[in-house]
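Enquirer: Got a structure for you, written out below as structure tokens; questions coming shortly.
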Amino acid sequence: MKNCIILFDLDGTLIDSTEAIYDSFCVTFKHFNQTIPTFESVKSKIGHTLDTMFHTLGVKENEIPHYASIYKEHYRKICSAKTTLLPNAKEAILQAHSFAQLGVVTTKTGQYSKILLDNMEVGNYFTCIIGRENVKNAKPSAEPILKALESFPPLSKDKIYMIGDTPLDIEAAKNAGVQSIALTSGYAKLEVLKQHTQNIKNNALEAVLAIKSQL
């Protein structure tokens with residue numbers, strides 16, 4: 001049995017779906033005859049839940065479910081065509097799978113995440129995909145990580161890693177008591193990541209190779 005578990009975030013860690021996300025926000029705000037948010041205002045919030053993103057963009061609490069419904073309807077249609085693996089991501093997955101059991105922990109909808117990963121021909125490397133609909137509390141809560149770990153045989157927490165590109169990933173790992181590595185390949189700036197951890201790499205492949213070297 002592989003004596004290590006690696007959990008990956010998706011957006012900014014393994015995939016780039018910025019275009020699909022922003023396009024879906026534009027369509028949604030246009031649908032409700034609202035001012036379309038700027039690209040940067042959306043991009044800066046990627047990694048948070050969809051509800052949180054709409055809230056920070058000024059949508060009233062009682063209207064968020066309606067906005068989210070339109071968003072998801074459009075996103076489902078375009079996500080595969082407008083999402084790509086990040087550079088070195090496939091190599092990271094293959095390297096990691098050679099010595100570790102793998103999972104995904106994301107604030108995206110797990111259903112869409114599986115579709116994307118299968119479309120990119122890497123979905124079969126992951127034992128589990130934990131998305132927003134699978135938990136009550138999203139990252140930075142420990143719940144998504146702990147939920148993912150239910151899919152694996154028990155391992156010492158020092159053999160379990162969460163790799164992600166935002167403070168949400170790092171704080172979730174801390175709250176779950178597992179190891180973490182932050183990446184600069186995504187949406188959080190280096191100085192922001194440094195406020196949460198000193199274990200920072202440029203991309204997922206560097207993070208995986210660092211873990212491998214410690215085993």
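Here, A, B, ... name the chains of the structure tokens in the order displayed, residue numbers run from 1 inside each chain, and ligands are numbered from 1 in the same displayed order.
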Per residue of range 97-141 of chain A within 10 Å of range 12-36 of chain A, record the nearest atom pair and its distance in Å to one decimal, counting only C-alpha atoms, with rows in chain order and ascending residue number, as a tab-separated table.
Expert:
```
residue	atom	partner	partner_atom	distance
A:Val104	CA	A:Leu14	CA	9.9
A:Leu116	CA	A:Ile15	CA	9.1
A:Leu117	CA	A:Ile15	CA	9.0
A:Met120	CA	A:Ile15	CA	9.8
```
Enquirer: Write out, as a PDB file, in the first residue's frame, the residues just selected, with N, CA, C and O atoms.
Expert:
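Output file selection_18.pdb is given in full below:
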```pdb
ATOM      1  N   VAL A 104      -8.904  14.908  -4.413  1.00  0.00           N
ATOM      2  CA  VAL A 104      -9.135  16.320  -4.717  1.00  0.00           C
ATOM      3  C   VAL A 104     -10.056  16.903  -3.660  1.00  0.00           C
ATOM      4  O   VAL A 104     -11.068  16.293  -3.302  1.00  0.00           O
ATOM      5  N   LEU A 116     -14.433  17.614 -15.517  1.00  0.00           N
ATOM      6  CA  LEU A 116     -13.227  18.282 -16.015  1.00  0.00           C
ATOM      7  C   LEU A 116     -12.025  17.350 -15.989  1.00  0.00           C
ATOM      8  O   LEU A 116     -11.286  17.241 -16.973  1.00  0.00           O
ATOM      9  N   LEU A 117     -11.820  16.676 -14.867  1.00  0.00           N
ATOM     10  CA  LEU A 117     -10.646  15.806 -14.727  1.00  0.00           C
ATOM     11  C   LEU A 117     -10.727  14.606 -15.667  1.00  0.00           C
ATOM     12  O   LEU A 117      -9.716  14.197 -16.250  1.00  0.00           O
ATOM     13  N   MET A 120      -9.851  15.679 -19.105  1.00  0.00           N
ATOM     14  CA  MET A 120      -8.406  15.875 -19.256  1.00  0.00           C
ATOM     15  C   MET A 120      -7.632  14.570 -19.097  1.00  0.00           C
ATOM     16  O   MET A 120      -6.397  14.561 -19.085  1.00  0.00           O
TER      17      MET A 120
END
```
Enquirer: Pull the helix (DSSP H, G or I) assignments for range 119-205 of chain A out of DSSP run on the backbone, and list those residues as an MDAnalysis selection string.
Expert: chainID A and resid 119 123:125 132:134 143:149 157:159 167:176 190:193 204:205
Enquirer: Nearest residue to Ala89 in chain A out of A:Leu193, A:Ile211, A:Asp11, A:His74, using only C-alpha atoms?
Expert: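 Result for the nearest residue to Ala89 in chain A: A:Asp11.
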Enquirer: Report the distance between CA of Ile93 in chain A and CA of Val192 in chain A in Å, rounded to one decimal place.
Expert: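 Separating CA of Ile93 in chain A from CA of Val192 in chain A is a distance of 25.8 Å.
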Enquirer: Write down as a PDB file with N, CA and C atoms, in the first residue's frame the residues of range 44-103 of chain A whose backbone DSSP state falls under strand (DSSP E or B).
Expert:
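Printed below is selection-v6.pdb as written:
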```
ATOM      1  N   ILE A  46     -11.398  33.741  -6.710  1.00  0.00           N
ATOM      2  CA  ILE A  46     -11.426  32.325  -7.089  1.00  0.00           C
ATOM      3  C   ILE A  46     -10.757  31.495  -5.997  1.00  0.00           C
ATOM      4  N   HIS A  48     -12.738  30.718  -3.322  1.00  0.00           N
ATOM      5  CA  HIS A  48     -13.840  30.796  -2.377  1.00  0.00           C
ATOM      6  C   HIS A  48     -15.065  30.099  -2.957  1.00  0.00           C
ATOM      7  N   THR A  84      -8.136  24.303 -18.799  1.00  0.00           N
ATOM      8  CA  THR A  84      -6.932  23.553 -19.168  1.00  0.00           C
ATOM      9  C   THR A  84      -6.158  23.135 -17.925  1.00  0.00           C
ATOM     10  N   LEU A  85      -5.371  22.100 -18.075  1.00  0.00           N
ATOM     11  CA  LEU A  85      -4.422  21.752 -17.016  1.00  0.00           C
ATOM     12  C   LEU A  85      -3.326  22.808 -16.981  1.00  0.00           C
ATOM     13  N   GLN A 101      -1.417   7.936  -2.592  1.00  0.00           N
ATOM     14  CA  GLN A 101      -2.838   7.867  -2.901  1.00  0.00           C
ATOM     15  C   GLN A 101      -3.329   9.311  -3.058  1.00  0.00           C
ATOM     16  N   LEU A 102      -4.175   9.547  -4.055  1.00  0.00           N
ATOM     17  CA  LEU A 102      -4.520  10.923  -4.398  1.00  0.00           C
ATOM     18  C   LEU A 102      -6.004  11.225  -4.233  1.00  0.00           C
ATOM     19  N   GLY A 103      -6.269  12.480  -3.861  1.00  0.00           N
ATOM     20  CA  GLY A 103      -7.638  12.963  -3.782  1.00  0.00           C
ATOM     21  C   GLY A 103      -7.700  14.429  -4.172  1.00  0.00           C
TER      22      GLY A 103
END
```
Enquirer: For Leu215 in chain A, work out the shell of residues within 10 Å, counting only C-alpha atoms and skipping chain neighbours fewer than 5 positions away, then give it as an MDAnalysis selection string.
Expert: chainID A and resid 3:4 99 159 210
Enquirer: Write a file of the just-selected residues containing N, CA and C atoms, as a PDB file, in the first residue's frame.
Expert:
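This is the output file part33.pdb:
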```pdb
ATOM      1  N   ASN A   3       2.132   4.540   1.208  1.00  0.00           N
ATOM      2  CA  ASN A   3       2.110   5.067   2.573  1.00  0.00           C
ATOM      3  C   ASN A   3       2.128   6.595   2.602  1.00  0.00           C
ATOM      4  N   CYS A   4       1.314   7.203   1.752  1.00  0.00           N
ATOM      5  CA  CYS A   4       1.256   8.665   1.697  1.00  0.00           C
ATOM      6  C   CYS A   4      -0.052   9.057   0.990  1.00  0.00           C
ATOM      7  N   PHE A  99       3.716   7.161  -5.995  1.00  0.00           N
ATOM      8  CA  PHE A  99       4.089   6.833  -4.619  1.00  0.00           C
ATOM      9  C   PHE A  99       3.030   7.180  -3.581  1.00  0.00           C
ATOM     10  N   LYS A 159       1.901  11.963   7.154  1.00  0.00           N
ATOM     11  CA  LYS A 159       2.023  11.360   5.821  1.00  0.00           C
ATOM     12  C   LYS A 159       0.889  11.828   4.899  1.00  0.00           C
ATOM     13  N   ALA A 210       8.998  17.547  -3.772  1.00  0.00           N
ATOM     14  CA  ALA A 210       9.468  17.853  -2.415  1.00  0.00           C
ATOM     15  C   ALA A 210       8.951  16.813  -1.430  1.00  0.00           C
TER      16      ALA A 210
END
```
Enquirer: As a PyMOL selection string, please: the residues near Ser156 in chain A (cut-off 12 Å, only C-alpha atoms, same-chain neighbours under 2 positions excluded).
Expert: chain A and resi 3-5+149+152-154+158-161+177-179
Enquirer: Find the residues around Ser44 in chain A up to 10 Å (only C-alpha atoms counted), leave out those fewer than 6 positions away in its own chain, and share them as a ChimeraX atom specification.
Expert: /A:53,187-189
Enquirer: From the list A:Lys43, A:Lys136, A:Lys201, A:Lys114, which residue is nearest Ser80 in chain A when using only C-alpha atoms?
Expert: A:Lys114
Enquirer: I'd like the contact shell of Leu209 in chain A - 9 Å cut-off, only C-alpha atoms, skipping same-chain residues fewer than 6 positions apart - returned as a ChimeraX atom specification.
Expert: /A:92,95-96
Enquirer: Between CA of Thr49 in chain A and CA of Tyr125 in chain A, what is the spacing in Å?
Expert: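 These atoms are spaced 24.8 Å apart.
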Enquirer: Give me the residues within 12 Å of Gly58 in chain A as a JSON list (two decimals) with N, CA and C atoms, in the first residue's frame, counting only C-alpha atoms and dropping any in the same chain fewer than 2 places off.
Expert:
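Saved to out_25.json:
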```json
[["chain", "number", "residue", "atom", "x", "y", "z"],
["A", 29, "PHE", "N", -24.55, 38.03, -14.47],
["A", 29, "PHE", "CA", -24.88, 39.42, -14.16],
["A", 29, "PHE", "C", -25.67, 40.07, -15.30],
["A", 34, "GLN", "N", -27.55, 43.43, -14.40],
["A", 34, "GLN", "CA", -26.67, 44.08, -13.43],
["A", 34, "GLN", "C", -25.32, 44.40, -14.09],
["A", 35, "THR", "N", -24.60, 45.36, -13.51],
["A", 35, "THR", "CA", -23.28, 45.72, -14.02],
["A", 35, "THR", "C", -22.34, 44.53, -13.93],
["A", 36, "ILE", "N", -21.69, 44.21, -15.02],
["A", 36, "ILE", "CA", -20.78, 43.07, -15.06],
["A", 36, "ILE", "C", -19.53, 43.39, -14.24],
["A", 37, "PRO", "N", -19.13, 42.50, -13.32],
["A", 37, "PRO", "CA", -17.95, 42.76, -12.50],
["A", 37, "PRO", "C", -16.67, 42.73, -13.33],
["A", 41, "SER", "N", -11.81, 41.62, -10.17],
["A", 41, "SER", "CA", -12.64, 41.43, -8.97],
["A", 41, "SER", "C", -13.12, 39.99, -8.84],
["A", 42, "VAL", "N", -13.32, 39.32, -9.96],
["A", 42, "VAL", "CA", -13.71, 37.91, -9.94],
["A", 42, "VAL", "C", -12.49, 37.03, -9.69],
["A", 51, "ASP", "N", -21.12, 31.01, -3.49],
["A", 51, "ASP", "CA", -21.96, 31.91, -2.69],
["A", 51, "ASP", "C", -21.16, 33.09, -2.15],
["A", 52, "THR", "N", -19.96, 32.81, -1.65],
["A", 52, "THR", "CA", -19.10, 33.87, -1.12],
["A", 52, "THR", "C", -18.69, 34.84, -2.21],
["A", 53, "MET", "N", -18.39, 34.32, -3.38],
["A", 53, "MET", "CA", -17.99, 35.18, -4.50],
["A", 53, "MET", "C", -19.12, 36.13, -4.88],
["A", 54, "PHE", "N", -20.32, 35.60, -4.99],
["A", 54, "PHE", "CA", -21.46, 36.47, -5.32],
["A", 54, "PHE", "C", -21.70, 37.50, -4.23],
["A", 55, "HIS", "N", -21.56, 37.08, -2.99],
["A", 55, "HIS", "CA", -21.76, 38.00, -1.86],
["A", 55, "HIS", "C", -20.76, 39.16, -1.91],
["A", 56, "THR", "N", -19.49, 38.85, -2.15],
["A", 56, "THR", "CA", -18.47, 39.90, -2.19],
["A", 56, "THR", "C", -18.61, 40.79, -3.41],
["A", 60, "LYS", "N", -27.31, 40.43, -3.17],
["A", 60, "LYS", "CA", -28.03, 40.28, -1.90],
["A", 60, "LYS", "C", -28.19, 38.81, -1.54],
["A", 61, "GLU", "N", -28.14, 38.54, -0.25],
["A", 61, "GLU", "CA", -28.15, 37.17, 0.27],
["A", 61, "GLU", "C", -29.30, 36.34, -0.31],
["A", 62, "ASN", "N", -30.50, 36.91, -0.33],
["A", 62, "ASN", "CA", -31.67, 36.15, -0.78],
["A", 62, "ASN", "C", -31.69, 35.92, -2.30],
["A", 63, "GLU", "N", -30.83, 36.66, -3.02],
["A", 63, "GLU", "CA", -30.79, 36.51, -4.46],
["A", 63, "GLU", "C", -29.67, 35.57, -4.94],
["A", 64, "ILE", "N", -28.74, 35.26, -4.05],
["A", 64, "ILE", "CA", -27.57, 34.44, -4.43],
["A", 64, "ILE", "C", -27.96, 33.09, -5.03],
["A", 67, "TYR", "N", -28.76, 33.60, -8.69],
["A", 67, "TYR", "CA", -27.55, 33.89, -9.45],
["A", 67, "TYR", "C", -26.73, 32.61, -9.65]]
```
Enquirer: Please measure the separation of CA of Gly131 in chain A and CA of Ile115 in chain A, giving the value in Å to one decimal.
Expert: 12.2 Å
Enquirer: Taking only C-alpha atoms into account, which of A:Val122, A:Cys128, A:Leu146, A:Val105 comes nearest Ile163 in chain A?
Expert: A:Val105
Enquirer: Ranking A:Arg76, A:Lys90, A:His97, A:Lys139 by minimum distance to Glu121 in chain A and counting only C-alpha atoms, which one comes first?
Expert: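 Of all the options, A:Lys90 lies closest to Glu121 in chain A.
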Enquirer: Using only C-alpha atoms, which residue out of A:Thr107, A:Asn175, A:Asn137, A:Asn88 lies closest to Asn203 in chain A?
Expert: A:Asn88
